[in-house]
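Coordinates from run-v5.pdb are shown below (PDB, C-alpha atoms, pLDDT in the B column).
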```pdb
MODEL        1
ATOM      1  CA  ASN A   1       9.509  21.226 -16.096  1.00 90.00           C
ATOM      2  CA  PRO A   2       8.419  20.126 -19.588  1.00 93.00           C
ATOM      3  CA  PHE A   3       4.756  20.648 -18.681  1.00 94.00           C
ATOM      4  CA  ALA A   4       5.025  24.238 -17.405  1.00 93.00           C
ATOM      5  CA  ASN A   5       3.021  25.838 -20.204  1.00 93.00           C
ATOM      6  CA  LEU A   6       0.443  23.079 -20.644  1.00 95.00           C
ATOM      7  CA  ASP A   7      -3.008  22.967 -19.101  1.00 94.00           C
ATOM      8  CA  LEU A   8      -3.985  19.976 -16.970  1.00 94.00           C
ATOM      9  CA  HIS A   9      -7.556  18.705 -17.219  1.00 92.00           C
ATOM     10  CA  ILE A  10     -10.024  16.486 -15.454  1.00 93.00           C
ATOM     11  CA  PRO A  11     -13.357  15.269 -16.800  1.00 93.00           C
ATOM     12  CA  ALA A  12     -15.838  18.114 -16.260  1.00 92.00           C
ATOM     13  CA  VAL A  13     -18.323  15.768 -14.585  1.00 93.00           C
ATOM     14  CA  TYR A  14     -15.881  15.322 -11.669  1.00 92.00           C
ATOM     15  CA  ARG A  15     -15.181  19.016 -11.116  1.00 91.00           C
ATOM     16  CA  GLU A  16     -17.306  19.349  -7.967  1.00 91.00           C
ATOM     17  CA  ASP A  17     -16.126  16.003  -6.582  1.00 90.00           C
ATOM     18  CA  VAL A  18     -12.486  16.998  -6.981  1.00 90.00           C
ATOM     19  CA  LYS A  19     -13.217  20.335  -5.356  1.00 89.00           C
ATOM     20  CA  ARG A  20     -14.949  18.619  -2.422  1.00 89.00           C
ATOM     21  CA  TYR A  21     -12.017  16.307  -1.676  1.00 91.00           C
ATOM     22  CA  THR A  22      -9.223  18.901  -1.773  1.00 90.00           C
ATOM     23  CA  THR A  23      -8.415  21.073   1.232  1.00 85.00           C
ATOM     24  CA  THR A  24      -7.293  24.114  -0.743  1.00 75.00           C
ATOM     25  CA  GLN A  25     -10.695  24.336  -2.413  1.00 55.00           C
ATOM     26  CA  GLY A  26     -12.946  23.117   0.410  1.00 51.00           C
ATOM     27  CA  GLY A  27     -16.037  22.705  -1.738  1.00 50.00           C
ATOM     28  CA  ASP A  28     -18.443  22.189   1.155  1.00 53.00           C
ATOM     29  CA  GLY A  29     -16.660  24.471   3.614  1.00 55.00           C
ATOM     30  CA  ASP A  30     -15.029  21.563   5.452  1.00 59.00           C
ATOM     31  CA  THR A  31     -11.295  21.634   4.814  1.00 66.00           C
ATOM     32  CA  SER A  32     -10.374  18.988   7.393  1.00 78.00           C
ATOM     33  CA  VAL A  33      -8.090  16.203   6.228  1.00 81.00           C
ATOM     34  CA  GLU A  34     -10.754  13.668   7.240  1.00 83.00           C
ATOM     35  CA  SER A  35     -13.261  15.202   4.806  1.00 83.00           C
ATOM     36  CA  SER A  36     -10.831  16.456   2.162  1.00 86.00           C
ATOM     37  CA  PRO A  37      -7.853  14.057   2.099  1.00 90.00           C
ATOM     38  CA  PHE A  38      -6.004  15.725  -0.774  1.00 91.00           C
ATOM     39  CA  MET A  39      -4.223  19.044  -0.357  1.00 90.00           C
ATOM     40  CA  ARG A  40      -4.495  20.195  -3.996  1.00 90.00           C
ATOM     41  CA  TYR A  41      -6.304  19.289  -7.212  1.00 92.00           C
ATOM     42  CA  VAL A  42      -3.019  18.087  -8.699  1.00 94.00           C
ATOM     43  CA  ASP A  43      -2.540  15.652  -5.795  1.00 94.00           C
ATOM     44  CA  LEU A  44      -5.938  14.057  -6.353  1.00 94.00           C
ATOM     45  CA  TRP A  45      -5.343  14.112 -10.130  1.00 95.00           C
ATOM     46  CA  ALA A  46      -1.999  12.312  -9.744  1.00 96.00           C
ATOM     47  CA  ALA A  47      -3.624   9.664  -7.547  1.00 95.00           C
ATOM     48  CA  ALA A  48      -6.314   9.184 -10.187  1.00 96.00           C
ATOM     49  CA  VAL A  49      -3.622   8.857 -12.880  1.00 97.00           C
ATOM     50  CA  ALA A  50      -1.884   6.130 -10.862  1.00 95.00           C
ATOM     51  CA  VAL A  51      -5.113   4.245 -10.126  1.00 94.00           C
ATOM     52  CA  GLY A  52      -6.243   4.505 -13.743  1.00 96.00           C
ATOM     53  CA  ALA A  53      -2.882   3.245 -14.979  1.00 95.00           C
ATOM     54  CA  GLN A  54      -2.826   0.300 -12.565  1.00 93.00           C
ATOM     55  CA  GLU A  55      -6.363  -0.651 -13.545  1.00 93.00           C
ATOM     56  CA  GLY A  56      -5.760  -0.110 -17.271  1.00 94.00           C
ATOM     57  CA  ALA A  57      -8.600   2.418 -17.250  1.00 95.00           C
ATOM     58  CA  TYR A  58      -7.798   4.742 -20.153  1.00 95.00           C
ATOM     59  CA  VAL A  59     -10.579   7.176 -21.088  1.00 92.00           C
ATOM     60  CA  SER A  60      -9.721   9.736 -23.750  1.00 88.00           C
ATOM     61  CA  LEU A  61     -10.848  13.328 -23.166  1.00 82.00           C
ATOM     62  CA  ASP A  62     -11.372  14.158 -26.828  1.00 76.00           C
ATOM     63  CA  GLU A  63     -14.449  16.332 -26.532  1.00 67.00           C
ATOM     64  CA  LYS A  64     -13.593  19.903 -25.550  1.00 58.00           C
ATOM     65  CA  ASP A  65     -16.729  20.273 -23.390  1.00 64.00           C
ATOM     66  CA  ALA A  66     -15.975  17.038 -21.560  1.00 86.00           C
ATOM     67  CA  LYS A  67     -12.903  18.396 -19.806  1.00 88.00           C
ATOM     68  CA  HIS A  68     -12.222  21.063 -17.207  1.00 90.00           C
ATOM     69  CA  ARG A  69      -8.892  22.881 -16.999  1.00 89.00           C
ATOM     70  CA  PHE A  70      -7.965  22.867 -13.330  1.00 89.00           C
ATOM     71  CA  ILE A  71      -4.407  24.225 -13.426  1.00 89.00           C
ATOM     72  CA  GLN A  72      -1.346  24.763 -15.562  1.00 90.00           C
ATOM     73  CA  GLY A  73       1.506  22.260 -15.557  1.00 92.00           C
ATOM     74  CA  SER A  74       3.746  24.817 -13.863  1.00 91.00           C
ATOM     75  CA  VAL A  75       2.354  23.365 -10.615  1.00 92.00           C
ATOM     76  CA  LEU A  76       4.759  20.467 -11.206  1.00 92.00           C
ATOM     77  CA  GLN A  77       7.807  22.755 -11.006  1.00 92.00           C
ATOM     78  CA  GLY A  78      10.417  21.059  -8.854  1.00 91.00           C
ATOM     79  CA  ASP A  79       8.322  17.891  -8.517  1.00 92.00           C
ATOM     80  CA  LEU A  80      10.778  15.635 -10.348  1.00 94.00           C
ATOM     81  CA  ALA A  81       9.267  12.401  -9.055  1.00 95.00           C
ATOM     82  CA  ARG A  82       5.845  13.282 -10.434  1.00 95.00           C
ATOM     83  CA  ILE A  83       7.291  14.522 -13.730  1.00 96.00           C
ATOM     84  CA  GLU A  84       9.245  11.284 -14.139  1.00 96.00           C
ATOM     85  CA  PHE A  85       6.161   9.261 -13.210  1.00 96.00           C
ATOM     86  CA  LEU A  86       4.160  10.932 -15.995  1.00 97.00           C
ATOM     87  CA  GLN A  87       6.970  10.399 -18.487  1.00 97.00           C
ATOM     88  CA  LEU A  88       7.461   6.739 -17.542  1.00 97.00           C
ATOM     89  CA  LEU A  89       3.717   6.186 -17.751  1.00 97.00           C
ATOM     90  CA  ALA A  90       3.697   7.612 -21.281  1.00 98.00           C
ATOM     91  CA  ILE A  91       6.620   5.372 -22.273  1.00 97.00           C
ATOM     92  CA  GLY A  92       4.862   2.335 -20.825  1.00 97.00           C
ATOM     93  CA  HIS A  93       1.614   3.255 -22.567  1.00 97.00           C
ATOM     94  CA  THR A  94       3.114   3.855 -26.003  1.00 97.00           C
ATOM     95  CA  GLY A  95       6.142   1.564 -25.849  1.00 97.00           C
ATOM     96  CA  GLU A  96       8.084   4.468 -27.345  1.00 97.00           C
ATOM     97  CA  PRO A  97      10.777   6.115 -25.182  1.00 96.00           C
ATOM     98  CA  TYR A  98      10.902   9.244 -27.312  1.00 97.00           C
ATOM     99  CA  VAL A  99       7.287  10.072 -26.467  1.00 97.00           C
ATOM    100  CA  VAL A 100       8.757  12.154 -23.621  1.00 96.00           C
ATOM    101  CA  LYS A 101       9.841  14.722 -26.223  1.00 96.00           C
ATOM    102  CA  ASP A 102       6.149  15.450 -26.857  1.00 97.00           C
ATOM    103  CA  SER A 103       4.985  16.959 -23.561  1.00 96.00           C
ATOM    104  CA  ARG A 104       1.440  17.403 -24.867  1.00 95.00           C
ATOM    105  CA  LYS A 105       1.204  13.686 -25.615  1.00 97.00           C
ATOM    106  CA  VAL A 106       2.537  12.827 -22.139  1.00 97.00           C
ATOM    107  CA  VAL A 107      -0.121  15.037 -20.525  1.00 96.00           C
ATOM    108  CA  GLU A 108      -2.819  13.656 -22.836  1.00 95.00           C
ATOM    109  CA  ILE A 109      -1.974  10.104 -21.740  1.00 96.00           C
ATOM    110  CA  ALA A 110      -1.938  11.106 -18.059  1.00 97.00           C
ATOM    111  CA  GLU A 111      -5.293  12.866 -18.416  1.00 96.00           C
ATOM    112  CA  ALA A 112      -6.818   9.776 -20.005  1.00 95.00           C
ATOM    113  CA  TYR A 113      -5.623   7.599 -17.133  1.00 97.00           C
ATOM    114  CA  ALA A 114      -6.899  10.199 -14.645  1.00 96.00           C
ATOM    115  CA  ALA A 115     -10.277  10.103 -16.388  1.00 95.00           C
ATOM    116  CA  GLY A 116     -10.290   6.337 -15.988  1.00 95.00           C
ATOM    117  CA  GLY A 117      -9.078   6.439 -12.399  1.00 95.00           C
ATOM    118  CA  LEU A 118     -11.371   9.189 -11.118  1.00 95.00           C
ATOM    119  CA  PRO A 119     -14.544   7.058 -10.945  1.00 95.00           C
ATOM    120  CA  ILE A 120     -12.631   4.462  -8.923  1.00 94.00           C
ATOM    121  CA  LEU A 121     -11.110   7.085  -6.636  1.00 94.00           C
ATOM    122  CA  MET A 122     -14.494   8.776  -6.123  1.00 94.00           C
ATOM    123  CA  GLU A 123     -16.035   5.446  -5.168  1.00 92.00           C
ATOM    124  CA  TRP A 124     -13.272   4.986  -2.596  1.00 91.00           C
ATOM    125  CA  LEU A 125     -13.776   8.479  -1.191  1.00 91.00           C
ATOM    126  CA  ASP A 126     -17.555   8.104  -0.961  1.00 87.00           C
ATOM    127  CA  GLY A 127     -17.183   5.689   1.936  1.00 73.00           C
ATOM    128  CA  GLY A 128     -20.754   5.773   3.191  1.00 73.00           C
ATOM    129  CA  VAL A 129     -20.610   5.995   6.976  1.00 80.00           C
ATOM    130  CA  GLN A 130     -16.827   6.315   7.077  1.00 83.00           C
ATOM    131  CA  SER A 131     -15.011   9.579   6.533  1.00 86.00           C
ATOM    132  CA  PRO A 132     -13.514  10.035   3.062  1.00 87.00           C
ATOM    133  CA  MET A 133      -9.997   9.707   4.550  1.00 89.00           C
ATOM    134  CA  THR A 134     -10.795   6.453   6.360  1.00 87.00           C
ATOM    135  CA  SER A 135     -12.510   4.967   3.346  1.00 85.00           C
ATOM    136  CA  LEU A 136      -9.698   6.056   1.019  1.00 88.00           C
ATOM    137  CA  THR A 137      -7.038   4.623   3.312  1.00 88.00           C
ATOM    138  CA  LYS A 138      -8.758   1.249   3.595  1.00 89.00           C
ATOM    139  CA  GLN A 139      -9.324   1.058  -0.145  1.00 88.00           C
ATOM    140  CA  LEU A 140      -5.729   2.069  -0.941  1.00 87.00           C
ATOM    141  CA  ILE A 141      -4.376  -0.638   1.360  1.00 88.00           C
ATOM    142  CA  ARG A 142      -6.599  -3.208  -0.333  1.00 87.00           C
ATOM    143  CA  PHE A 143      -5.684  -1.870  -3.783  1.00 85.00           C
ATOM    144  CA  LEU A 144      -1.945  -1.946  -3.090  1.00 85.00           C
ATOM    145  CA  ASN A 145      -2.125  -5.467  -1.668  1.00 86.00           C
ATOM    146  CA  GLU A 146      -3.936  -6.649  -4.794  1.00 84.00           C
ATOM    147  CA  ALA A 147      -1.523  -4.828  -7.103  1.00 78.00           C
ATOM    148  CA  SER A 148       1.522  -6.248  -5.346  1.00 74.00           C
ATOM    149  CA  PRO A 149       0.688  -9.257  -3.189  1.00 63.00           C
ATOM    150  CA  PRO A 150       2.992  -9.764  -0.209  1.00 62.00           C
ATOM    151  CA  SER A 151       5.824 -12.204  -0.743  1.00 64.00           C
ATOM    152  CA  GLU A 152       6.575 -15.013   1.691  1.00 60.00           C
ATOM    153  CA  ALA A 153       9.856 -13.299   2.554  1.00 53.00           C
ATOM    154  CA  ASN A 154       8.055 -10.062   3.463  1.00 52.00           C
ATOM    155  CA  PRO A 155       4.494 -10.831   4.561  1.00 56.00           C
ATOM    156  CA  THR A 156       2.187  -7.939   5.458  1.00 54.00           C
ATOM    157  CA  SER A 157      -1.273  -7.915   6.917  1.00 50.00           C
ATOM    158  CA  SER A 158      -4.142  -6.910   4.653  1.00 49.00           C
ATOM    159  CA  ASP A 159      -6.294  -5.831   7.641  1.00 47.00           C
TER     160      ASP A 159
ENDMDL
END
```
Take the structure in the file and write it out as structure tokens.
Amino acid sequence: NPFANLDLHIPAVYREDVKRYTTTQGGDGDTSVESSPFMRYVDLWAAAVAVGAQEGAYVSLDEKDAKHRFIQGSVLQGDLARIEFLQLLAIGHTGEPYVVKDSRKVVEIAEAYAAGGLPILMEWLDGGVQSPMTSLTKQLIRFLNEASPPSEANPTSSD
């Protein structure tokens, strides 16, 4: 795990939101999957990274006070798919394959995409009358259909 000794951050302004939507933290006391669809901070963070990357929403966390350390990268131990995702994202962002040798840079890029993706993800979770899980699911289906429209050979319903 190249990120084991690095801190992972989210924008400080989203600290309470992230806490509210993760079951291990249960910010409002409700740890049901319907109210808190993500098991851990890192799961919500990774979703925000992916959404931010797909949307091209890159927001640098330069100011020290603007970010909140939520966990150390050791949480990714054994999670090869997520590690590779972060590395491939960094390569795609920089166009430089050797960026993976600089684990801090890889995390910095991921954090910037998470910062860009969090407002979108929070909007999806704040579903109004629907539960956060229902709203998130509907928005993810719509998002994925827009990101990769169904082909004629493999049509899928967007309902």
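Restricting the calculation to all atoms listed in the file, the smallest distance between A:Pro119 and any of A:Ala46, A:Ala57, A:Val106, A:Ala147 is found for A:Ala57.
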- Residues matched by the PyMOL selection byres ((chain A and resi 18) around 9), written as a PyMOL selection string: chain A and resi 10+14-17+19-22+25+27+41+44-45+118+122
- Task: Please write as a list of chain:residue names the list of polymer residues whose atoms come within 8 Å of (-4.1, 5.4, -20.0), counting all atoms listed in the file and keeping to the coordinates of the file.
- Result: A:Val49, A:Gly52, A:Ala53, A:Gly56, A:Ala57, A:Tyr58, A:Val59, A:His93, A:Ile109, A:Ala110, A:Glu111, A:Ala112, A:Tyr113, A:Ala114, A:Gly116
- atom CA of A:Arg82 and atom CA of A:Val107 are how many Å apart?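 These atoms are spaced 11.9 Å apart.
From atom CA of A:Val75 back to atom CA of A:Val100, the distance works out to 18.3 Å.
Between atom CA of A:Ile91 and atom CA of A:Ile120 the interatomic distance comes to 23.4 Å.
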- Shortest contact to A:Met133, candidates A:Leu8, A:Leu86, A:Ala48, A:Val33, atoms counted all atoms listed in the file, goes to A:Val33
Box along x, y and z, 3 Å on every side, all listed atoms of stretch 122-140 of chain A inside: centre and edge lengths in Å to one decimal, as JSON.
```
{"center_x": -13.2, "center_y": 5.5, "center_z": 0.5, "size_x": 21.0, "size_y": 15.0, "size_z": 19.2}
```
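Using all atoms listed in the file for every distance, the candidate list A:Gln139, A:Ser60, A:Ser148, A:Ser103 yields A:Ser103 as the residue closest to A:Asn1.
Counting only C-alpha atoms, A:Ile83 has the following residues at most 9 Å away, ignoring those fewer than 6 positions along the same chain: Asn1, Pro2, Phe3, Leu76 and Gln77 of chain A.
The closest residue to A:Leu125, picked from A:Lys138, A:Arg40, A:Lys67, A:Lys101 and counting all atoms listed in the file, is A:Lys138.
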- Task: Given the file shown, enumerate the residues that the PyMOL selection byres ((chain A and resi 68) around 10) captures and present them as an NGL selection string.
- Result: :A and (7-15 or 61 or 64-67 or 69-71)
With C-alpha atoms retained, export the selected residues as a PDB file, in the frame of the given file.
```pdb
ATOM      1  CA  ASP A   7      -3.008  22.967 -19.101  1.00 94.00           C
ATOM      2  CA  LEU A   8      -3.985  19.976 -16.970  1.00 94.00           C
ATOM      3  CA  HIS A   9      -7.556  18.705 -17.219  1.00 92.00           C
ATOM      4  CA  ILE A  10     -10.024  16.486 -15.454  1.00 93.00           C
ATOM      5  CA  PRO A  11     -13.357  15.269 -16.800  1.00 93.00           C
ATOM      6  CA  ALA A  12     -15.838  18.114 -16.260  1.00 92.00           C
ATOM      7  CA  VAL A  13     -18.323  15.768 -14.585  1.00 93.00           C
ATOM      8  CA  TYR A  14     -15.881  15.322 -11.669  1.00 92.00           C
ATOM      9  CA  ARG A  15     -15.181  19.016 -11.116  1.00 91.00           C
ATOM     10  CA  LEU A  61     -10.848  13.328 -23.166  1.00 82.00           C
ATOM     11  CA  LYS A  64     -13.593  19.903 -25.550  1.00 58.00           C
ATOM     12  CA  ASP A  65     -16.729  20.273 -23.390  1.00 64.00           C
ATOM     13  CA  ALA A  66     -15.975  17.038 -21.560  1.00 86.00           C
ATOM     14  CA  LYS A  67     -12.903  18.396 -19.806  1.00 88.00           C
ATOM     15  CA  ARG A  69      -8.892  22.881 -16.999  1.00 89.00           C
ATOM     16  CA  PHE A  70      -7.965  22.867 -13.330  1.00 89.00           C
ATOM     17  CA  ILE A  71      -4.407  24.225 -13.426  1.00 89.00           C
TER      18      ILE A  71
END
```
- Which one of A:Thr137, A:Thr23, A:Gln54, A:Asn5 sits closest to A:Met39 if you count only C-alpha atoms?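 Nearest candidate to A:Met39 out of A:Thr137, A:Thr23, A:Gln54, A:Asn5: A:Thr23.
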- Among listed residues A:Glu108, A:Val42, A:Phe85, A:Glu34, nearest A:Leu6 (using only C-alpha atoms):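 Comparing A:Glu108, A:Val42, A:Phe85, A:Glu34 against A:Leu6, the winner is A:Glu108.
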